[in-house]
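As stored in upload-v9.cif (mmCIF, C-alpha atoms):
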```cif
data_start
#
loop_
_atom_site.label_atom_id
_atom_site.label_comp_id
_atom_site.auth_asym_id
_atom_site.auth_seq_id
_atom_site.Cartn_x
_atom_site.Cartn_y
_atom_site.Cartn_z
CA MET G 531 0.00 0.00 0.00
CA SER G 532 1.34 3.43 -0.87
CA ALA G 533 2.42 5.91 1.79
CA THR G 534 -0.61 8.12 1.17
CA GLU G 535 -3.46 5.60 0.94
CA SER G 536 -5.99 5.35 3.72
CA ALA G 537 -7.00 2.09 5.33
CA PRO G 538 -9.70 -0.05 3.72
CA PRO G 539 -13.19 0.28 5.22
CA GLY G 540 -14.36 -1.99 8.03
CA GLY G 541 -12.87 -3.10 11.31
CA GLU G 542 -11.08 -1.08 13.96
CA LEU G 543 -7.54 0.21 13.70
CA ALA G 544 -4.62 0.77 16.05
CA ILE G 545 -2.79 3.91 14.93
CA GLY G 546 0.91 4.32 15.68
CA ILE G 547 2.78 7.61 15.34
CA ASP G 548 6.56 8.02 15.41
CA LEU G 549 7.12 11.73 16.00
CA GLY G 550 10.74 12.37 15.11
CA GLY G 551 12.78 15.54 14.88
CA THR G 552 12.91 15.31 11.08
CA GLY G 553 10.01 13.13 9.96
CA THR G 554 6.71 11.82 11.33
CA ARG G 555 5.68 8.27 10.43
CA LEU G 556 2.22 6.83 10.95
CA VAL G 557 0.91 3.29 10.56
CA ALA G 558 -2.52 1.71 10.89
CA LEU G 559 -2.74 -1.89 12.12
CA ASP G 560 -5.82 -4.06 11.87
CA GLY G 561 -6.88 -6.50 14.58
CA PHE G 562 -4.50 -9.14 13.19
CA GLY G 563 -1.54 -6.81 13.66
CA ASP G 564 -1.09 -6.34 9.93
CA THR G 565 -0.12 -2.94 8.51
CA VAL G 566 -2.99 -1.76 6.32
CA ALA G 567 -1.88 1.85 5.77
CA GLN G 568 1.12 4.07 6.36
CA LEU G 569 2.08 7.68 5.94
CA VAL G 570 5.35 9.64 6.17
CA VAL G 571 5.40 13.44 6.42
CA PRO G 572 7.96 16.07 7.49
CA THR G 573 7.76 17.07 11.15
CA PRO G 574 6.86 20.76 11.45
CA ALA G 575 9.29 22.83 13.49
CA ASP G 576 6.91 25.69 14.24
CA LEU G 577 3.15 25.56 14.75
CA PRO G 578 0.94 28.16 16.42
CA GLY G 579 -1.39 27.42 19.32
CA ASP G 580 -3.31 24.16 19.06
CA ALA G 581 -2.04 23.45 15.55
CA ALA G 582 0.17 20.59 16.77
CA VAL G 583 -2.91 18.58 17.76
CA ALA G 584 -4.65 19.52 14.52
CA PHE G 585 -1.60 18.41 12.53
CA LEU G 586 -1.72 14.92 14.06
CA ALA G 587 -5.52 14.65 14.01
CA GLU G 588 -5.63 15.45 10.31
CA ARG G 589 -3.01 12.79 9.52
CA VAL G 590 -4.70 10.16 11.69
CA GLY G 591 -8.04 10.87 10.02
CA SER G 592 -6.51 10.68 6.56
CA LEU G 593 -4.78 7.40 7.38
CA ALA G 594 -7.81 5.72 8.95
CA GLY G 595 -10.29 6.88 6.31
CA PRO G 596 -13.76 5.50 7.07
CA ALA G 597 -12.46 2.89 9.53
CA ALA G 598 -12.90 3.35 13.28
CA VAL G 599 -9.85 4.23 15.37
CA ARG G 600 -9.65 1.94 18.38
CA SER G 601 -6.41 3.28 19.88
CA ILE G 602 -3.55 5.70 19.23
CA GLY G 603 0.04 5.39 20.36
CA ILE G 604 2.67 8.10 19.99
CA GLY G 605 6.42 7.70 20.29
CA ALA G 606 8.33 10.99 20.44
CA SER G 607 11.92 12.02 20.95
CA GLY G 608 12.13 12.87 24.64
CA PRO G 609 12.18 13.95 27.31
CA ILE G 610 8.58 12.89 27.98
CA ASP G 611 7.28 13.70 31.46
CA ALA G 612 5.22 11.39 33.69
CA GLU G 613 1.98 12.89 32.31
CA GLY G 614 2.96 12.06 28.72
CA ILE G 615 3.81 15.66 27.78
CA ILE G 616 6.77 16.19 25.44
CA ARG G 617 9.48 18.39 26.96
CA ASN G 618 11.88 18.66 24.04
CA PRO G 619 12.24 22.21 22.72
CA ASP G 620 15.52 21.33 20.99
CA THR G 621 14.21 18.80 18.43
CA LEU G 622 10.39 18.95 18.81
CA PRO G 623 9.65 22.61 19.53
CA ALA G 624 6.18 22.59 17.92
CA PHE G 625 4.97 19.74 20.18
CA THR G 626 6.72 20.66 23.43
CA GLY G 627 4.39 21.39 26.33
CA VAL G 628 1.30 20.38 24.32
CA ASP G 629 -1.30 17.94 25.65
CA LEU G 630 -1.61 15.57 22.71
CA ALA G 631 -3.37 12.67 24.42
CA GLY G 632 -6.42 14.53 25.72
CA PRO G 633 -7.57 16.29 22.53
CA LEU G 634 -6.67 13.38 20.22
CA GLY G 635 -8.50 10.94 22.49
CA ALA G 636 -11.56 13.17 22.44
CA ALA G 637 -11.41 13.65 18.67
CA PHE G 638 -11.36 9.91 17.94
CA ASP G 639 -13.06 8.58 21.09
CA ALA G 640 -10.04 6.33 21.65
CA PRO G 641 -7.34 5.86 24.29
CA VAL G 642 -4.05 7.60 23.52
CA ALA G 643 -0.62 6.67 24.94
CA VAL G 644 2.49 8.85 24.59
CA ASP G 645 6.00 7.55 25.29
CA ASN G 646 9.63 7.95 24.32
CA ASP G 647 10.33 6.97 20.72
CA ALA G 648 13.13 4.61 21.73
CA VAL G 649 10.62 2.79 23.97
CA THR G 650 8.12 2.37 21.15
CA ALA G 651 10.86 1.18 18.78
CA ALA G 652 11.99 -1.35 21.38
CA ILE G 653 8.42 -2.56 21.96
CA GLY G 654 8.01 -3.15 18.24
CA GLU G 655 11.28 -5.06 17.94
CA ALA G 656 10.56 -7.14 21.04
CA ALA G 657 7.08 -8.06 19.81
CA VAL G 658 7.60 -8.74 16.11
CA GLY G 659 11.20 -7.86 15.24
CA ALA G 660 14.82 -8.55 16.10
CA GLY G 661 14.19 -8.89 19.83
CA ARG G 662 11.67 -11.74 19.71
CA PRO G 663 14.02 -14.49 20.97
CA PHE G 664 15.19 -12.48 24.01
CA ARG G 665 13.68 -11.78 27.41
CA SER G 666 15.57 -8.49 27.68
CA VAL G 667 16.71 -6.07 24.99
CA LEU G 668 18.58 -2.77 24.89
CA MET G 669 17.42 -0.56 22.02
CA LEU G 670 19.46 2.30 20.59
CA THR G 671 17.85 4.51 17.96
CA LEU G 672 20.47 6.37 15.94
CA GLY G 673 18.61 9.22 14.29
CA THR G 674 18.47 12.98 14.75
CA GLY G 675 19.52 12.17 18.31
CA VAL G 676 20.18 8.93 20.18
CA GLY G 677 17.37 7.17 22.02
CA VAL G 678 18.00 4.42 24.56
CA ALA G 679 15.42 1.96 25.89
CA PRO G 680 16.03 -1.21 27.89
CA LEU G 681 13.08 -3.64 28.05
CA ILE G 682 12.49 -6.65 30.29
CA ASP G 683 9.63 -8.97 29.30
CA GLY G 684 8.39 -6.27 26.93
CA GLU G 685 8.20 -3.58 29.63
CA PRO G 686 10.44 -0.48 29.63
CA VAL G 687 12.84 0.12 32.50
CA ARG G 688 11.96 3.49 34.05
CA GLY G 689 13.74 5.92 36.33
CA ALA G 690 12.89 6.02 40.02
CA ASP G 691 10.45 8.89 39.33
CA GLY G 692 8.61 6.91 36.66
CA VAL G 693 10.03 8.98 33.80
CA HIS G 694 12.04 7.42 30.99
CA PRO G 695 15.77 8.16 31.49
CA GLU G 696 17.46 10.17 28.74
CA ALA G 697 20.44 7.82 28.48
CA GLY G 698 21.29 9.15 25.03
CA HIS G 699 23.00 11.94 26.95
CA LEU G 700 25.33 9.57 28.75
CA SER G 701 28.68 11.31 29.16
CA LEU G 702 31.61 9.99 27.10
CA SER G 703 35.22 10.62 28.06
CA GLY G 704 38.12 11.43 25.76
CA ARG G 705 36.01 13.17 23.11
CA ASN G 706 35.17 16.75 22.23
CA ALA G 707 31.51 16.75 21.26
CA PRO G 708 29.64 19.48 23.17
CA CYS G 709 25.89 19.03 23.50
CA TYR G 710 22.92 21.23 24.31
CA CYS G 711 22.47 18.99 27.36
CA GLY G 712 25.49 20.72 28.91
CA ARG G 713 28.03 17.91 28.67
CA THR G 714 31.32 18.35 26.85
CA ALA G 715 30.72 15.04 25.09
CA CYS G 716 27.74 12.71 25.17
CA LEU G 717 26.51 9.66 23.29
CA GLU G 718 24.03 11.67 21.21
CA GLN G 719 26.73 13.96 19.84
CA VAL G 720 28.91 10.98 18.93
CA GLY G 721 26.47 8.25 17.89
CA SER G 722 23.54 9.99 16.21
CA ARG G 723 22.94 10.10 12.48
CA THR G 724 23.40 13.85 12.81
CA ALA G 725 26.92 13.31 14.15
CA LEU G 726 27.70 10.78 11.41
CA GLN G 727 26.47 13.19 8.75
CA ARG G 728 28.63 15.96 10.21
CA SER G 729 31.72 13.73 10.05
CA ALA G 730 30.93 12.57 6.52
CA SER G 731 30.45 16.12 5.26
CA ALA G 732 33.75 17.16 6.81
CA LEU G 733 35.52 14.33 4.99
CA LEU G 734 34.27 15.21 1.52
CA SER G 735 35.82 17.90 -0.64
CA ARG G 736 32.40 18.85 -2.03
CA PRO G 737 29.86 18.05 0.66
CA SER G 738 26.16 18.44 0.05
CA GLY G 739 25.43 18.92 3.72
CA GLY G 740 22.74 16.23 3.54
CA GLN G 741 22.40 12.52 4.25
CA GLN G 742 23.79 11.70 0.81
CA ASP G 743 27.20 12.61 2.23
CA ILE G 744 26.95 9.58 4.52
CA VAL G 745 26.08 7.39 1.55
CA ALA G 746 29.07 8.70 -0.40
CA VAL G 747 31.52 7.98 2.42
CA TYR G 748 29.82 4.64 3.14
CA ASP G 749 30.40 3.54 -0.46
CA ARG G 750 34.04 4.56 -0.14
CA ALA G 751 34.42 2.60 3.10
CA LEU G 752 32.99 -0.56 1.56
CA ALA G 753 35.43 -0.10 -1.32
CA GLY G 754 38.36 0.01 1.11
CA ASP G 755 39.08 3.74 1.29
CA GLN G 756 41.19 4.23 4.43
CA SER G 757 39.89 7.66 5.48
CA ALA G 758 36.28 6.55 5.05
CA THR G 759 36.93 3.33 6.96
CA ALA G 760 38.59 5.29 9.77
CA MET G 761 35.57 7.59 10.04
CA PHE G 762 33.14 4.70 10.44
CA ASP G 763 35.52 2.93 12.85
CA ASP G 764 35.55 6.04 15.04
CA TYR G 765 31.76 6.21 14.86
CA GLY G 766 31.36 2.56 15.84
CA SER G 767 33.86 2.87 18.68
CA GLY G 768 31.98 5.86 20.07
CA ILE G 769 28.71 3.94 20.15
CA GLY G 770 30.59 1.03 21.73
CA ASP G 771 31.88 3.31 24.49
CA GLY G 772 28.33 4.27 25.39
CA LEU G 773 27.10 0.69 25.17
CA LEU G 774 29.77 -0.52 27.56
CA ASP G 775 28.37 1.66 30.33
CA LEU G 776 24.76 0.88 29.46
CA LEU G 777 25.36 -2.87 29.43
CA THR G 778 27.28 -2.74 32.70
CA VAL G 779 24.13 -1.29 34.27
CA HIS G 780 21.37 -3.17 32.42
CA ARG G 781 23.05 -6.49 31.47
CA SER G 782 20.64 -6.88 28.55
CA ALA G 783 20.57 -10.13 26.55
CA CYS G 784 20.57 -8.37 23.17
CA VAL G 785 21.40 -4.98 21.68
CA ILE G 786 19.23 -3.71 18.81
CA LEU G 787 20.26 -0.75 16.69
CA GLY G 788 17.55 1.22 14.93
CA GLY G 789 17.19 4.60 13.30
CA SER G 790 18.49 5.66 9.92
CA ALA G 791 22.19 5.41 10.89
CA ALA G 792 21.81 1.70 11.67
CA THR G 793 21.65 1.20 7.90
CA TYR G 794 25.42 1.70 7.84
CA TYR G 795 26.16 -1.03 10.38
CA PRO G 796 28.20 -3.06 7.84
CA ALA G 797 30.76 -0.23 7.90
CA PHE G 798 30.90 0.45 11.66
CA GLY G 799 29.77 -2.85 13.22
CA ALA G 800 33.22 -4.42 13.45
CA ALA G 801 34.61 -1.46 15.38
CA LEU G 802 31.58 -1.44 17.70
CA ARG G 803 31.89 -5.16 18.47
CA ALA G 804 35.65 -4.85 18.96
CA ARG G 805 35.08 -2.09 21.52
CA LEU G 806 32.56 -4.21 23.40
CA SER G 807 34.97 -7.15 23.51
CA GLU G 808 37.65 -5.05 25.25
CA VAL G 809 35.75 -4.99 28.55
CA THR G 810 34.33 -8.31 29.72
CA THR G 811 34.95 -8.07 33.49
CA TYR G 812 31.36 -7.29 34.41
CA VAL G 813 29.32 -8.52 31.45
CA ALA G 814 29.90 -10.61 28.35
CA PRO G 815 29.10 -8.78 25.10
CA PRO G 816 25.58 -9.69 23.96
CA PRO G 817 24.64 -10.14 20.30
CA VAL G 818 24.16 -6.89 18.39
CA ARG G 819 21.33 -6.87 15.86
CA VAL G 820 20.02 -4.29 13.43
CA SER G 821 16.31 -3.48 13.51
CA GLU G 822 14.15 -5.83 11.44
CA LEU G 823 11.31 -3.31 11.27
CA GLY G 824 13.29 -0.46 9.71
CA ASP G 825 12.05 3.11 9.67
CA LEU G 826 8.50 2.13 10.63
CA GLY G 827 9.58 0.24 13.77
CA GLY G 828 8.84 3.16 16.08
CA ALA G 829 5.37 3.67 14.63
CA LEU G 830 4.61 -0.07 14.81
CA GLY G 831 5.71 -0.15 18.45
CA ALA G 832 3.61 2.94 19.17
CA ALA G 833 0.56 1.20 17.72
CA ILE G 834 1.23 -1.82 19.96
CA LEU G 835 1.70 0.46 22.99
CA GLY G 836 -1.54 2.32 22.33
CA SER G 837 -3.51 -0.91 21.93
CA ARG G 838 -2.57 -2.29 25.33
CA ARG G 839 -5.27 -2.94 27.88
CA PRO G 840 -4.77 -2.05 31.58
CA ASP G 841 -3.43 -5.58 32.19
CA ARG G 842 -0.70 -4.83 29.59
CA SER G 843 -2.11 -7.34 27.10
CA SER G 844 -3.14 -6.17 23.63
CA TRP G 845 -6.25 -6.57 21.52
CA LEU G 846 -3.95 -6.98 18.51
CA SER G 847 -3.05 -10.50 17.36
CA LEU G 848 0.72 -10.10 17.19
CA GLY G 849 3.51 -12.24 15.87
CA ARG G 850 2.22 -12.92 12.36
CA ALA G 851 4.73 -12.73 9.55
CA ARG G 852 4.92 -9.34 7.86
#
```

Once you've parsed the file, please lay out its structure as structure tokens.
Amino acid sequence: MSATESAPPGGELAIGIDLGGTGTRLVALDGFGDTVAQLVVPTPADLPGDAAVAFLAERVGSLAGPAAVRSIGIGASGPIDAEGIIRNPDTLPAFTGVDLAGPLGAAFDAPVAVDNDAVTAAIGEAAVGAGRPFRSVLMLTLGTGVGVAPLIDGEPVRGADGVHPEAGHLSLSGRNAPCYCGRTACLEQVGSRTALQRSASALLSRPSGGQQDIVAVYDRALAGDQSATAMFDDYGSGIGDGLLDLLTVHRSACVILGGSAATYYPAFGAALRARLSEVTTYVAPPPVRVSELGDLGGALGAAILGSRRPDRSSWLSLGRAR
């Protein structure tokens, strides 16, 4: 089904929204857990008043068409507070401080859940993706920023205050990568797609300033170019540094990499795994897998999250082959 088609008539749908700093992805799942419609649109950076709710309501209505909306789940780049309000003026300024759940729930007469986008990506992978064989997973989304979400038995690990920890801003030593979070170097400024794009553009004599710069350097690395290989090795080692601390704390059985930068794992995976193998005193390196659900993983996980009943079960029939 094309990215702009609405769902076929009949039945009830679980809508999932992945609200990212650059793009917003929506999916509609039927009661069998099958994707019946999807939509990808740019994320607006500036919207007046209640326009943020109207922006999402219009897209949900377009996606669902004549079908009833049974639930809505939203994954957004955090922080997300305990009430489900986005507090991220740096990458989601148009949606920060806005009550999305209340008005959307009223508009569609459906429950709405809002959570961190790394959590929704992890839920999707654990349910129907790369994390299915494992009781615990540690998800890293490498996109505009870096999202981190450990799950145990499909449930996210929260902070003591009930809020999802922003572990993408874990401090890294020995690097100069200042962040808006206040640290002189953090995982987000080393391991995000944004950081990779910055490095790739700096390496090229005629950079475009866009994601195609990563592709150009990636092709060079696969062809054996030493400077391109060194750039991806440095990128993989930086992610590995952050993972070492995260795994020491969480001891997860599997690491899953998602987000657009995970596409380039063939070029940086060896360096990442080598870094993990250097420290085995406290935990053995777990398998590292790339997302099976791709760019729509966060939206799929959001749909699953939104469909959950109070007992944490879901009305969706999950686990079917996609």

(request) Check which residues satisfy the PyMOL selection byres ((chain G and resi 750) around 12) in the file shown, then give them as a PyMOL selection string. (result) chain G and resi 730+733-734+743-749+751-762+797

(request) Could you check how far atom CA of G:Leu823 sits from atom CA of G:Gly659, in Å to one decimal? (result) 6.0 Å

(request) Rounded to one decimal place, report the atom CA of G:Gly546-atom CA of G:Ala640 distance in Å. (result)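 Going from atom CA of G:Gly546 over to atom CA of G:Ala640, I get 12.6 Å.
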
(message) Counting only C-alpha atoms, which residue out of G:Gln741, G:Gln727, G:Thr674, G:Ser844 sits closest to G:Ala544?
(response)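 Looking at the shortest contact to G:Ala544, the residue is G:Ser844.
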
(message) Measuring between only C-alpha atoms, which one of G:Ile769, G:Ala598, G:Cys784, G:Leu569 shows the shortest distance to G:Leu802?
(response) G:Ile769

(request) Can you work out which one of G:Ser607, G:Thr626, G:Thr621, G:Thr714 has the shortest atom-to-atom distance to G:Pro578, counting all atoms listed in the file? (result)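 The closest residue to G:Pro578 is G:Thr626.
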
(message) So that I can see what lies close to stretch 580-591 of chain G, please list as a ChimeraX atom specification the residues with an atom at most 7 Å from it, counting all atoms listed in the file and leaving out residues fewer than 4 positions away in the same chain.
(response) /G:595,624-625,630,634

(message) Which residues are near stretch 663-667 of chain G? Cut-off 9 Å, all atoms listed in the file, ignore same chain within fewer than 5 positions. Put them as a list in words.
(response)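 Here the qualifying residues turn out to be Ala652, Glu655, Ala656, Ala679, Pro680, Leu681, Ile682, Asp683, Gly684, Arg781, Ser782, Ala783, Cys784, Val785 and Ile786 of chain G.
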